[in-house]
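Here's the structure, in structure tokens; my notes come after.
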Amino acid sequence: MTDEIDIEQWACGSVQQELPAAKAYRARLWDGDGFDEKRLIKDASPTGAQVLDAFGRHPVNEYVLLLLDRDGVREIAPGEVVEIAGRRVERFFAFRTDRLWFGAFNDQRFPWGAPDISEDMLRLIFKVDDHHQIFLTRQAEPDWVLNPGDTVSLDNEGLERLFTRKGIWELLVQGVILTFNTPKVVVKDALIKAGIDPDKGWTAILKFVGLPKEPVDLNDTIDLSRRGIEKLWLRPNHVNNGEASSGLHRVFSLREEDVRFLESRGIVWDTLIEGRKRWFIWRAYQLPDGYRQSTTDIAVLIPPTYPAAQLDMFYCAPHLQLAAGRKIAATESRETISGVSYQRWSRHRDGNTAWNPATDSLITHIALIEDAILREVEGG
């Protein structure tokens with residue numbers, strides 16, 4: 001028989017094994033303020049009173065002792081014998097109280113010696129890993145997900161019911177809502193998942209509701225379980241002077257079929273992000289005769305959920321003017337993109353041209369753009 005076993009070390013490394021028999025056991029006791037230093041229980045079959053005495057909890061009849069083993073949490077009376085090896089003991093909890101409170105976790109009723117219990121204690125007791133979230137059942141409203149630092153009151157009328165579910169954490173990255181099955185996300189990985197090239201020289205900012213924003217490095221890890229996270233916002237490290245790009249400044253990806261089409265046409269194009277807006281820019285589009293300009297850059301706003309969300313309108317820089325002097329209808333509005341003023345062409349889809357996600361794309365939208373530009377000089 002082993003002389004002494006450290007229960008905590010055994011519990012961490014031997015999850016499915018029986019706790020071996022020993023002459024004495026080294027254990028911790030939690031009392032509401034944290035865990036005591038490890039103490040030696042010099043009996044393999046102590047009573048509840050002997051456990052409390054080992055940790056200096058006197059008088060023992062003023063304390064409630066709880067035991068955590070592989071079957072859950074249960075109360076140990078002062079005169080009750082605890083077979084430490086047989087019960088596979090993990091930890092002890094002591095509360096100076098004359099009553100117990102109860103809750104239910106995944107339909108398992110459990111006692112507690114205080115009127116509330118924290119999220120981190122629930123994770124410890126019920127072995128909830130980081131890939132799962134803990135929910136509190138609510139009546140007539142959505143169930144409440146617990147975050148680090150949250151507590152649940154067990155002092156309310158009725159039995160509070162808690163349960164776990166495989167976690168889904170969301171993060172808004174430059175207008176794109178991403179979902180993750182773990183709360184720990186590397187900033188660079190989040191950008192790539194949002195279709196943003198992380199090597200384009202970004203300063204990343206983590207924004208919180210009602211709190212100061214925090215700069216984060218691309219290799220930093222964000223804990224999405226942290227309450228109040230609003231979004232990950234990007235700011236370019238360098239801002240140009242408004243001159244047109246020569247192309248290949250692509251900070252988010254287009255669909256493969258769109259890229260193949262653009263390459264087949266020899267189109268020079270960029271993708272940019274300004275605030276929450278994602279822009280496709282067709283550089284130096286050759287205008288038909290009848291305009292005062294020979295070329296223009298054409299911008300299209302790409303919604304985060306494209307192609308489920310439609311592409312609508314387009315924007316031109318420089319602002320187009322007809323050689324004949326006639327005003328172009330519905331082009332009065334302006335949009336600034338990377339310091340350049342674009343002229344908005346309010347051309348909307350309806351009837352036969354209404355957006356259909358199954359058949360429409362940037363490819364078909366470009367066809368409508370070219371048709372709209374040509375109509376102004378052909379009188380169509």
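In the structure tokens, chains take letters A, B, ... by order of appearance, with residues numbered from 1 within each chain and ligands from 1 in the order shown.
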
If we count only C-alpha atoms and set the cut-off at 10 Å, which residues sit around Val300 of chain A, ignoring sequence neighbours fewer than 2 positions away in its own chain? Please answer as a PyMOL selection string. chain A and resi 271+278-282+298+302-303+311-316+344+362+365-366+369

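Excluding segment 327-336 of chain A itself and same-chain residues fewer than 2 positions from it, the residues having an atom within 8 Å of it are Tyr315, Gln321, Leu322, Gly325, Ser338, Gly339, Val340, Ser341, Tyr342, Gln343, Arg344, Trp345, Ser346, Arg347 and Glu376 of chain A, counting only C-alpha atoms.
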
Could you please take those selected residues and save C-alpha atoms as a CSV table (one decimal), in the first residue's frame?
```csv
chain,number,residue,atom,x,y,z
A,315,TYR,CA,-19.9,54.0,-58.3
A,321,GLN,CA,-20.2,63.5,-67.7
A,322,LEU,CA,-21.7,63.2,-71.2
A,325,GLY,CA,-23.8,68.1,-71.8
A,338,SER,CA,-9.9,55.5,-50.0
A,339,GLY,CA,-10.0,59.3,-50.1
A,340,VAL,CA,-11.5,59.4,-53.7
A,341,SER,CA,-14.9,60.7,-54.4
A,342,TYR,CA,-17.1,58.3,-56.4
A,343,GLN,CA,-20.3,59.1,-58.3
A,344,ARG,CA,-23.1,56.8,-57.3
A,345,TRP,CA,-25.2,55.4,-60.2
A,346,SER,CA,-28.5,54.4,-58.7
A,347,ARG,CA,-29.4,51.6,-61.0
A,376,GLU,CA,-26.6,56.9,-71.6
```

For segment 283-295 of chain A, please output as a PyMOL selection string all residues within 7 Å (counting only C-alpha atoms; exclusion window: fewer than 4 positions along the same chain). chain A and resi 247+268-269+320-323+374+377

So that I can see what lies close to segment 124-131 of chain A, please list as a compact mmCIF listing (two decimals) with N, CA and C atoms, in the first residue's frame the residues with an atom at most 7 Å from it, counting only C-alpha atoms and leaving out residues fewer than 6 positions away in the same chain.
```txt
# COMPACT_ATOMS: atom_id res chain seq x y z
N LYS A 166 -22.51 22.40 -27.03
CA LYS A 166 -21.29 22.68 -27.80
C LYS A 166 -21.31 24.14 -28.19
N GLY A 167 -20.23 24.84 -27.87
CA GLY A 167 -20.23 26.30 -27.98
C GLY A 167 -20.16 26.81 -29.41
N ASN A 181 -16.14 27.42 -33.09
CA ASN A 181 -16.54 26.41 -32.10
C ASN A 181 -15.59 26.37 -30.92
N THR A 182 -14.76 27.39 -30.79
CA THR A 182 -13.90 27.57 -29.62
C THR A 182 -13.84 29.05 -29.32
```

Hey, what's within 7 Å of segment 219-230 of chain A if we count only C-alpha atoms and toss same-chain stuff fewer than 3 positions away? As a ChimeraX atom specification, please? /A:147-148,169,183-188,207-209,216

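Checking A:Ile192, A:Ile84, A:Leu68, A:Leu162 one by one against Lys23 of chain A, counting only C-alpha atoms, you find the shortest gap at A:Ile84.
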
Quick one: residues within 10 Å of Asp143 of chain A, only C-alpha atoms, excluding same-chain residues fewer than 4 positions away - as a PyMOL selection string? chain A and resi 134-139+162-163

So that I can check the surroundings of Leu154 of chain A, please list as a PyMOL selection string every protein, DNA and RNA residue that reaches within 9 Å of it, counting only C-alpha atoms and ignoring chain neighbours fewer than 3 positions away. chain A and resi 101-103+112+114-117+157-160

Output C-alpha atoms for every residue in that selection, as a JSON list (two decimals), in the first residue's frame.
```json
[["chain", "number", "residue", "atom", "x", "y", "z"],
["A", 101, "TRP", "CA", -28.90, 25.39, -1.75],
["A", 102, "PHE", "CA", -29.61, 23.21, -4.77],
["A", 103, "GLY", "CA", -29.40, 23.42, -8.53],
["A", 112, "TRP", "CA", -24.09, 23.85, -2.77],
["A", 114, "ALA", "CA", -23.75, 29.22, -0.75],
["A", 115, "PRO", "CA", -26.65, 31.08, -2.39],
["A", 116, "ASP", "CA", -24.73, 31.54, -5.64],
["A", 117, "ILE", "CA", -22.17, 29.64, -7.70],
["A", 157, "GLU", "CA", -37.85, 30.19, -6.01],
["A", 158, "GLY", "CA", -37.69, 26.84, -7.76],
["A", 159, "LEU", "CA", -34.69, 24.83, -8.91],
["A", 160, "GLU", "CA", -32.30, 26.64, -11.24]]
```

Work out how far atom CA of Leu191 of chain A is from atom CA of Leu218 of chain A, in Å to one decimal. 8.8 Å

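Note that DSSP on the backbone gives helix (DSSP H, G or I) to these residues of segment 69-301 of chain A: A:Ile84, A:Ala85, A:Gly86, A:Arg87, A:Glu119, A:Asp120, A:Met121, A:Leu122, A:Arg123, A:Leu124, A:Ile125, A:Phe126, A:Val187, A:Lys188, A:Asp189, A:Ala190, A:Leu191, A:Ile192, A:Lys193, A:Glu256, A:Glu257, A:Asp258, A:Val259, A:Arg260, A:Phe261, A:Leu262, A:Glu263, A:Ser264, A:Arg265.
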